[in-house]
$ cat final10.cif   # mmCIF, C-alpha atoms
data_upload
#
loop_
_atom_site.label_atom_id
_atom_site.label_comp_id
_atom_site.auth_asym_id
_atom_site.auth_seq_id
_atom_site.Cartn_x
_atom_site.Cartn_y
_atom_site.Cartn_z
CA MET A 1 -6.32 17.05 30.57
CA PRO A 2 -9.47 19.06 29.69
CA SER A 3 -7.35 22.08 28.70
CA ALA A 4 -4.93 20.00 26.65
CA GLY A 5 -6.67 20.57 23.33
CA PRO A 6 -8.20 17.99 21.00
CA ILE A 7 -6.99 14.43 20.60
CA VAL A 8 -5.41 14.07 17.16
CA ASP A 9 -4.72 11.10 14.90
CA LEU A 10 -1.04 11.60 14.02
CA ASP A 11 -1.36 9.69 10.76
CA THR A 12 -4.09 11.86 9.27
CA GLY A 13 -4.15 15.05 11.34
CA THR A 14 -7.80 14.37 12.13
CA VAL A 15 -9.36 15.46 15.41
CA VAL A 16 -10.94 12.27 16.74
CA ALA A 17 -12.12 13.26 20.24
CA ARG A 18 -12.16 16.13 22.69
CA PRO A 19 -11.27 16.05 26.39
CA ALA A 20 -14.09 17.48 28.49
CA THR A 21 -15.43 17.90 32.00
CA VAL A 22 -18.88 17.98 33.59
CA ASP A 23 -19.61 21.67 34.29
CA PRO A 24 -20.97 22.95 37.63
CA LEU A 25 -24.53 22.74 36.31
CA GLY A 26 -24.12 19.04 35.50
CA TYR A 27 -23.75 19.25 31.71
CA VAL A 28 -21.11 18.09 29.26
CA PRO A 29 -20.23 19.90 26.00
CA ASP A 30 -22.35 19.33 22.92
CA GLY A 31 -21.09 18.54 19.43
CA PRO A 32 -20.65 15.37 17.38
CA LEU A 33 -17.13 14.36 18.40
CA PRO A 34 -16.65 11.71 21.10
CA LEU A 35 -15.73 13.05 24.53
CA VAL A 36 -13.00 11.90 26.91
CA LEU A 37 -13.92 12.39 30.57
CA GLU A 38 -11.50 11.74 33.41
CA LEU A 39 -13.00 9.55 36.15
CA PRO A 40 -11.10 8.98 39.41
CA ILE A 41 -10.85 5.29 40.28
CA ARG A 42 -11.81 6.16 43.86
CA VAL A 43 -15.26 7.13 42.54
CA VAL A 44 -15.58 3.84 40.68
CA ALA A 45 -14.58 2.03 43.89
CA GLN A 46 -17.65 3.48 45.63
CA GLY A 47 -19.95 1.36 43.50
CA ALA A 48 -22.68 1.96 40.94
CA GLY A 49 -24.48 4.59 43.01
CA ALA A 50 -21.51 6.95 42.86
CA LEU A 51 -21.66 6.88 39.05
CA THR A 52 -25.25 8.11 38.84
CA PRO A 53 -24.24 11.80 38.45
CA LEU A 54 -22.14 10.84 35.42
CA HIS A 55 -25.04 9.06 33.73
CA GLU A 56 -27.35 11.96 34.60
CA ALA A 57 -24.96 14.56 33.16
CA LEU A 58 -24.88 12.74 29.83
CA ARG A 59 -28.66 12.28 29.81
CA ARG A 60 -29.28 15.97 30.51
CA SER A 61 -26.83 16.95 27.77
CA GLY A 62 -28.37 14.62 25.20
CA ARG A 63 -25.18 12.57 24.95
CA HIS A 64 -24.98 8.78 24.90
CA PRO A 65 -22.39 6.65 26.71
CA ARG A 66 -21.28 5.18 23.38
CA GLU A 67 -19.98 8.69 22.49
CA THR A 68 -17.95 8.89 25.68
CA MET A 69 -14.63 7.46 26.84
CA LEU A 70 -13.94 7.34 30.54
CA LEU A 71 -10.26 7.80 31.37
CA LEU A 72 -9.70 6.18 34.76
CA THR A 73 -7.14 8.01 36.91
CA GLY A 74 -5.54 7.54 40.31
CA PRO A 75 -4.29 4.57 42.29
CA CYS A 76 -6.10 1.29 42.92
CA GLY A 77 -5.58 -0.72 46.10
CA PRO A 78 -6.02 -4.51 46.39
CA ALA A 79 -9.09 -4.19 48.62
CA GLU A 80 -10.88 -2.07 46.02
CA ARG A 81 -10.38 -4.39 43.07
CA PRO A 82 -13.55 -6.52 43.36
CA VAL A 83 -15.85 -3.48 43.51
CA ILE A 84 -13.91 -1.70 40.76
CA GLN A 85 -14.15 -4.66 38.37
CA VAL A 86 -17.92 -4.98 38.95
CA SER A 87 -18.37 -1.23 38.43
CA LEU A 88 -16.29 -1.24 35.24
CA ASP A 89 -18.33 -4.15 33.87
CA GLY A 90 -21.42 -2.04 34.52
CA LEU A 91 -19.96 0.97 32.72
CA ARG A 92 -19.01 -1.17 29.75
CA SER A 93 -22.54 -2.61 29.59
CA HIS A 94 -23.87 0.96 29.44
CA GLY A 95 -21.73 1.47 26.33
CA TYR A 96 -18.83 3.55 27.64
CA LEU A 97 -15.34 3.06 26.22
CA LEU A 98 -12.81 2.63 29.03
CA GLY A 99 -9.24 3.81 29.26
CA PHE A 100 -6.55 4.36 31.88
CA GLY A 101 -4.73 7.65 32.43
CA GLY A 102 -1.35 8.31 33.99
CA VAL A 103 -0.04 4.93 32.85
CA GLY A 104 3.59 4.48 33.77
CA ALA A 105 3.35 6.52 36.95
CA GLU A 106 0.06 5.76 38.72
CA SER A 107 -0.27 2.56 40.69
CA VAL A 108 -2.90 0.61 38.77
CA PRO A 109 -1.87 -3.07 38.57
CA LEU A 110 -0.95 -4.11 35.05
CA ASP A 111 -3.03 -7.28 35.27
CA LEU A 112 -6.11 -5.17 36.12
CA MET A 113 -5.49 -3.06 33.02
CA ALA A 114 -5.23 -6.21 30.92
CA ASP A 115 -8.37 -7.76 32.43
CA VAL A 116 -10.41 -4.61 31.71
CA SER A 117 -9.43 -4.77 27.99
CA PRO A 118 -9.32 -0.96 27.71
CA TYR A 119 -9.67 0.95 24.49
CA LEU A 120 -6.91 3.38 25.49
CA LEU A 121 -3.83 3.69 27.68
CA ALA A 122 -2.76 7.30 28.20
CA LEU A 123 0.90 7.75 29.09
CA SER A 124 1.69 9.68 32.25
CA THR A 125 2.36 13.37 31.62
CA GLU A 126 5.34 13.09 34.00
CA VAL A 127 6.88 10.37 31.84
CA MET A 128 6.14 12.35 28.67
CA ALA A 129 7.85 15.45 30.07
CA ARG A 130 11.12 13.49 30.37
CA LEU A 131 11.09 12.22 26.77
CA PRO A 132 13.34 11.72 24.90
CA ARG A 133 16.21 12.95 27.07
CA ASP A 134 15.78 10.47 29.95
CA HIS A 135 16.51 6.87 28.95
CA ARG A 136 14.59 5.57 31.99
CA ALA A 137 11.44 7.41 30.95
CA MET A 138 11.95 6.11 27.41
CA ALA A 139 12.03 2.55 28.76
CA VAL A 140 8.81 3.09 30.73
CA ALA A 141 7.02 4.56 27.71
CA ARG A 142 8.14 1.72 25.44
CA ALA A 143 6.89 -0.79 28.02
CA VAL A 144 3.45 0.87 28.04
CA VAL A 145 3.32 0.79 24.24
CA GLU A 146 4.22 -2.90 24.25
CA LEU A 147 1.55 -3.64 26.88
CA ALA A 148 -1.05 -1.80 24.80
CA ARG A 149 -0.06 -3.71 21.70
CA GLY A 150 -0.41 -7.00 23.56
CA ILE A 151 -3.92 -6.26 24.87
CA GLY A 152 -5.22 -4.55 21.72
CA ALA A 153 -5.41 -1.00 23.11
CA HIS A 154 -4.48 2.39 21.65
CA VAL A 155 -1.83 4.55 23.30
CA LEU A 156 -2.43 8.26 23.86
CA ALA A 157 0.64 10.50 24.16
CA PRO A 158 -0.42 13.56 26.19
CA ALA A 159 1.15 16.97 26.64
CA ILE A 160 3.22 16.93 23.44
CA GLU A 161 5.22 20.15 23.45
CA GLU A 162 8.30 19.42 21.35
CA GLN A 163 9.06 17.85 18.00
CA ALA A 164 11.49 15.47 19.73
CA GLN A 165 8.67 14.05 21.87
CA LEU A 166 6.49 13.62 18.82
CA SER A 167 9.28 11.82 16.95
CA ALA A 168 9.85 9.45 19.87
CA VAL A 169 6.24 8.32 20.19
CA ARG A 170 5.80 8.10 16.44
CA GLY A 171 8.80 5.81 16.28
CA TRP A 172 6.95 3.38 18.57
CA GLY A 173 3.80 3.44 16.45
CA VAL A 174 1.75 5.66 18.80
CA ARG A 175 -1.08 7.16 16.86
CA LEU A 176 -3.12 9.37 19.22
CA ALA A 177 -1.74 12.49 20.90
CA HIS A 178 -2.59 15.91 22.21
CA GLY A 179 -0.73 18.89 23.58
CA PRO A 180 0.48 22.41 22.74
CA LEU A 181 2.39 21.25 19.65
CA LEU A 182 -0.88 19.92 18.20
CA ALA A 183 -3.13 22.81 19.22
CA PRO A 184 -5.46 24.20 16.52
CA GLY A 185 -4.22 27.27 14.70
CA PRO A 186 -6.09 30.60 14.35
CA ASP A 187 -8.25 29.02 11.64
CA GLY A 188 -9.28 26.19 13.98
CA LEU A 189 -7.37 23.55 12.01
CA VAL A 190 -4.79 21.15 13.45
CA ARG A 191 -1.54 20.80 11.54
CA VAL A 192 0.55 17.77 12.49
CA PRO A 193 4.28 18.07 11.69
CA LEU A 194 5.30 15.63 8.99
CA PRO A 195 7.24 12.56 10.21
CA SER A 196 10.86 12.10 9.30
CA ALA A 197 12.10 8.80 7.91
CA GLU A 198 13.40 7.63 11.28
CA ASP A 199 9.97 8.14 12.88
CA THR A 200 8.45 5.29 10.91
CA PRO A 201 7.82 2.20 13.09
CA ALA A 202 9.96 -0.77 12.22
CA GLY A 203 9.29 -4.48 12.50
CA VAL A 204 5.91 -4.55 10.75
CA GLU A 205 5.45 -7.96 9.16
CA LEU A 206 1.93 -9.14 8.61
CA GLY A 207 0.02 -5.92 9.11
CA PRO A 208 -2.10 -4.85 12.07
CA ARG A 209 -5.55 -5.96 13.09
CA VAL A 210 -8.22 -3.37 12.35
CA GLN A 211 -8.62 -2.83 16.09
CA GLU A 212 -5.16 -1.26 16.07
CA LEU A 213 -6.29 1.25 13.42
CA LEU A 214 -9.60 1.98 15.15
CA LEU A 215 -10.93 5.53 15.29
CA PRO A 216 -13.97 6.60 17.34
CA ALA A 217 -17.16 6.56 15.29
CA VAL A 218 -19.64 9.42 15.21
CA THR A 219 -22.92 7.63 15.90
CA LEU A 220 -26.58 8.58 15.99
CA PRO A 221 -29.64 6.52 16.90
CA ALA A 222 -31.07 4.49 14.03
CA GLU A 223 -34.23 6.63 14.06
CA ALA A 224 -32.31 9.95 13.74
CA LYS A 225 -33.59 12.51 11.24
CA ALA A 226 -31.52 13.57 8.25
CA GLU A 227 -31.22 17.11 9.62
CA GLU A 228 -29.46 15.69 12.72
CA VAL A 229 -26.87 14.10 10.42
CA VAL A 230 -26.44 17.43 8.59
CA GLU A 231 -25.74 19.06 11.95
CA ALA A 232 -23.20 16.37 12.88
CA PHE A 233 -21.28 16.77 9.62
CA GLY A 234 -21.45 20.55 9.94
CA HIS A 235 -19.75 20.61 13.34
CA GLU A 236 -16.46 19.09 12.21
CA PRO A 237 -15.15 18.90 8.61
CA SER A 238 -12.94 15.90 9.39
CA ILE A 239 -15.94 13.62 10.07
CA THR A 240 -16.11 11.21 7.12
CA SER A 241 -19.12 9.14 8.16
CA VAL A 242 -22.00 8.86 10.60
CA ILE A 243 -23.01 5.40 11.78
CA LEU A 244 -26.62 4.72 12.74
CA VAL A 245 -26.89 2.30 15.66
CA ASP A 246 -29.69 0.60 17.56
CA GLU A 247 -30.19 0.67 21.31
CA TYR A 248 -27.55 -2.05 21.73
CA GLN A 249 -24.98 -0.08 19.64
CA ARG A 250 -25.24 -2.49 16.73
CA PRO A 251 -24.68 -0.72 13.39
CA GLN A 252 -27.81 -0.34 11.30
CA GLY A 253 -26.71 2.04 8.58
CA SER A 254 -23.74 4.04 7.30
CA LEU A 255 -23.88 7.58 5.92
CA ASP A 256 -20.88 8.61 3.83
CA ARG A 257 -20.22 12.33 4.11
CA GLY A 258 -19.88 13.04 0.38
CA ARG A 259 -22.92 11.10 -0.84
CA PHE A 260 -25.16 12.19 2.00
CA LEU A 261 -24.40 15.91 1.68
CA LEU A 262 -24.77 15.67 -2.09
CA SER A 263 -28.29 14.30 -1.62
CA ILE A 264 -29.16 17.09 0.82
CA ALA A 265 -27.62 19.80 -1.39
CA ALA A 266 -29.52 18.65 -4.48
CA ARG A 267 -32.54 20.62 -5.62
CA TYR A 268 -35.28 20.29 -2.97
CA GLY A 269 -32.94 17.87 -1.16
CA HIS A 270 -33.39 19.36 2.29
CA ALA A 271 -37.13 19.71 1.84
CA LEU A 272 -37.40 16.08 0.71
CA HIS A 273 -35.14 14.53 3.31
CA GLY A 274 -34.47 16.94 6.20
CA SER A 275 -37.32 15.93 8.49
CA LYS A 276 -37.36 12.29 7.34
CA PRO A 277 -35.37 9.43 8.89
CA ALA A 278 -31.72 9.53 7.84
CA ARG A 279 -31.85 5.78 7.37
CA ARG A 280 -33.63 6.38 4.04
CA LEU A 281 -30.31 7.72 2.68
CA ALA A 282 -28.05 5.25 4.50
CA ASP A 283 -26.13 2.36 3.01
CA PRO A 284 -25.81 -0.98 4.79
CA PRO A 285 -22.86 -0.76 7.20
CA ARG A 286 -19.72 -2.55 6.01
CA THR A 287 -18.70 -4.30 9.21
CA VAL A 288 -15.48 -6.13 10.03
CA PRO A 289 -14.71 -7.90 13.33
CA LYS A 290 -12.06 -6.20 15.45
CA SER A 291 -9.56 -9.04 14.91
CA THR A 292 -9.67 -8.78 11.09
CA PRO A 293 -6.18 -8.31 9.53
CA ALA A 294 -5.63 -5.26 7.36
CA VAL A 295 -5.34 -7.36 4.18
CA ALA A 296 -8.72 -9.02 4.77
CA ALA A 297 -10.28 -5.65 5.58
CA MET A 298 -9.02 -4.26 2.28
CA ARG A 299 -10.65 -7.17 0.47
CA ALA A 300 -13.92 -6.41 2.26
CA ALA A 301 -13.62 -2.76 1.21
CA GLY A 302 -13.24 -3.79 -2.44
CA HIS A 303 -16.38 -5.92 -2.63
CA ASP A 304 -18.52 -2.94 -3.67
CA SER A 305 -16.79 -0.84 -6.31
CA GLY A 306 -19.10 2.09 -5.61
CA ARG A 307 -18.10 2.23 -1.93
CA VAL A 308 -14.42 1.35 -2.05
CA TYR A 309 -13.40 4.29 0.14
CA ASP A 310 -16.30 4.19 2.60
CA ASP A 311 -15.31 3.79 6.24
CA LEU A 312 -15.46 0.25 7.61
CA VAL A 313 -17.34 -0.28 10.88
CA VAL A 314 -15.37 -2.32 13.40
CA THR A 315 -17.47 -4.55 15.65
CA ASP A 316 -16.89 -6.56 18.81
CA GLU A 317 -17.96 -10.10 19.68
CA LEU A 318 -21.58 -8.95 20.15
CA ASN A 319 -21.67 -7.06 16.84
CA ARG A 320 -21.58 -3.72 18.65
CA CYS A 321 -19.94 -0.74 16.98
CA MET A 322 -16.47 -0.15 18.43
CA GLY A 323 -15.47 2.54 15.94
CA ILE A 324 -14.42 2.92 12.32
CA VAL A 325 -11.33 2.25 10.27
CA ARG A 326 -10.59 4.36 7.21
CA VAL A 327 -9.58 2.69 3.99
CA SER A 328 -6.82 5.27 3.53
CA ASP A 329 -5.27 4.01 6.76
CA LEU A 330 -5.41 0.41 5.51
CA ILE A 331 -3.75 1.42 2.25
CA ARG A 332 -1.02 3.26 4.14
CA GLN A 333 -0.33 0.26 6.37
CA LEU A 334 -0.21 -2.23 3.50
CA THR A 335 2.01 0.06 1.44
CA ALA A 336 4.43 0.28 4.37
CA ILE A 337 4.56 -3.51 4.58
CA LYS A 338 5.35 -3.89 0.89
CA SER A 339 8.10 -1.28 1.01
#
$ encode --input "final10.cif" --output "structure tokens"
Amino acid sequence: MPSAGPIVDLDTGTVVARPATVDPLGYVPDGPLPLVLELPIRVVAQGAGALTPLHEALRRSGRHPRETMLLLTGPCGPAERPVIQVSLDGLRSHGYLLGFGGVGAESVPLDLMADVSPYLLALSTEVMARLPRDHRAMAVARAVVELARGIGAHVLAPAIEEQAQLSAVRGWGVRLAHGPLLAPGPDGLVRVPLPSAEDTPAGVELGPRVQELLLPAVTLPAEAKAEEVVEAFGHEPSITSVILVDEYQRPQGSLDRGRFLLSIAARYGHALHGSKPARRLADPPRTVPKSTPAVAAMRAAGHDSGRVYDDLVVTDELNRCMGIVRVSDLIRQLTAIKS
């Protein structure tokens, strides 16, 4: 997966994360976008000690677990389950997002996937390669999408090479994908083919929970300097906000791209703010619990007329930042319901 190109939001064409590996020197790539690292389940089954090199690689690279998704790969035997569940609880407490790779082909029990409450289920590349020509592979993929919907997880469609594959997964409401068809062009930009009418998911009634529209947040520590935020925005033009979080990943401030960069670009702006805490320029985060329906989230977005289009911060039961949801996505979903 590391050579598969960036992970793209099919609705917006935004790059939301980048697959990566730990290099031979024990570092991971820098940059503001969240990383997706594959982690064999057999390593997790060896207990917390076997995960120390992972934590050390992030520490040496200046990355935080909250910026990292671990995509668990490989089979899981019954005897390994108790150790694996304890290890995964430990990884989650560190702040990692968890996902499963190879779903539909690798032998991870479905009830284990459900119990872990993963952020992401990545379809098997073998299953994807048979779409949409093989009706059996289509049935497997649809089953994975339905499982993800039931446990509140995203689905990632990997190795997209053909328009027909893209149309199939779009028709099931899959939002995240990567592959040659979605590779950046010579200018570095990703261009997602427009959906046809038949690609639009059917059966939407009451609108999704915000968790189903969740995108990874770009986060920095609450004490970060304004120049660190400038660097984060400068790395990727699709980043619309930076969320400041405390040591427990609870949101402390929200920096909207447009307003923040306008303050920095103003006369003497960098001199006044660059070396000072970014929190001085931050707005209070607009948080919504992960189970909030899209309609209620839109109402929350409209409470402050000056920040109607600011990203909403989605939080879990402990008020920790899970990611963001964009108001444009809420509008698109509600418009689809009305039509």
$ resolve_selection --input "final10.cif" --expression "the PyMOL selection byres ((chain A and resi 21) around 7)" --output "PDB file with C-alpha atoms, in the coordinates of the input"
ATOM      1  CA  PRO A   2      -9.470  19.060  29.690  1.00  0.00           C
ATOM      2  CA  ALA A  20     -14.090  17.480  28.490  1.00  0.00           C
ATOM      3  CA  VAL A  22     -18.880  17.980  33.590  1.00  0.00           C
ATOM      4  CA  ASP A  23     -19.610  21.670  34.290  1.00  0.00           C
ATOM      5  CA  VAL A  28     -21.110  18.090  29.260  1.00  0.00           C
ATOM      6  CA  LEU A  37     -13.920  12.390  30.570  1.00  0.00           C
TER       7      LEU A  37
END
$ closest_atom_pairs --input "final10.cif" --of "stretch 158-240 of chain A" --to "stretch 138-147 of chain A" --cutoff "9 Å" --atoms "only C-alpha atoms" --output "Markdown table"
| residue | atom | partner | partner_atom | distance |
| --- | --- | --- | --- | --- |
| A:Ala168 | CA | A:Met138 | CA | 8.5 |
| A:Val169 | CA | A:Ala141 | CA | 8.4 |
| A:Trp172 | CA | A:Arg142 | CA | 7.2 |
| A:Gly173 | CA | A:Val145 | CA | 8.2 |
| A:Val174 | CA | A:Val145 | CA | 7.5 |
$ resolve_selection --input "final10.cif" --expression "the PyMOL selection byres ((chain A and resi 188) around 12)" --output "MDAnalysis selection string"
chainID A and resid 5:6 15 182:187 189:191 235:238
$ resolve_selection --input "final10.cif" --expression "the PyMOL selection byres ((chain A and resi 289-293) around 12)" --output "number ranges by chain"
A: 119, 151-153, 205-215, 286-288, 294-300, 312-325, 330, 333-334
$ residues_around --input "final10.cif" --residues "stretch 250-257 of chain A" --least-positions-apart "5" --cutoff "8 Å" --atoms "only C-alpha atoms" --output "PyMOL selection string"
chain A and resi 222+233+239-245+279+281-286+310-311+313+319-321
$ atom_distance --input "final10.cif" --atom1 "atom CA of A:Pro118" --atom2 "atom CA of A:Arg59"
23.5 Å
$ atom_distance --input "final10.cif" --atom1 "atom CA of A:Gly31" --atom2 "atom CA of A:Arg332"
29.5 Å
$ closest_residue --input "final10.cif" --among "A:Asp9, A:Val327, A:Leu72, A:Asp89" --to "A:Arg170" --atoms "only C-alpha atoms"
A:Asp9
$ atom_distance --input "final10.cif" --atom1 "atom CA of A:Gly234" --atom2 "atom CA of A:Ile264"
12.4 Å
$ residues_around --input "final10.cif" --residues "A:Gly99" --least-positions-apart "4" --cutoff "9 Å" --atoms "only C-alpha atoms" --output "PyMOL selection string"
chain A and resi 69-73+113+116-122+153
$ closest_residue --input "final10.cif" --among "A:Arg130, A:Arg18, A:His178, A:Arg280" --to "A:Val192" --atoms "only C-alpha atoms"
A:His178
$ closest_residue --input "final10.cif" --among "A:Pro40, A:Pro193, A:Gly306, A:Gly62" --to "A:Tyr27" --atoms "all atoms listed in the file"
A:Gly62
$ residues_near_point --input "final10.cif" --point "(9.9, 5.9, 35.0)" --cutoff "7 Å" --atoms "only C-alpha atoms" --output "short mmCIF file (atom, residue, chain, number, x, y, z; two decimals) with C-alpha atoms, in the frame of the given file"
data_model
loop_
_atom_site.label_atom_id
_atom_site.label_comp_id
_atom_site.auth_asym_id
_atom_site.auth_seq_id
_atom_site.Cartn_x
_atom_site.Cartn_y
_atom_site.Cartn_z
CA GLY A 104 3.59 4.48 33.77
CA ALA A 105 3.35 6.52 36.95
CA VAL A 127 6.88 10.37 31.84
CA ARG A 136 14.59 5.57 31.99
CA ALA A 137 11.44 7.41 30.95
CA VAL A 140 8.81 3.09 30.73
#
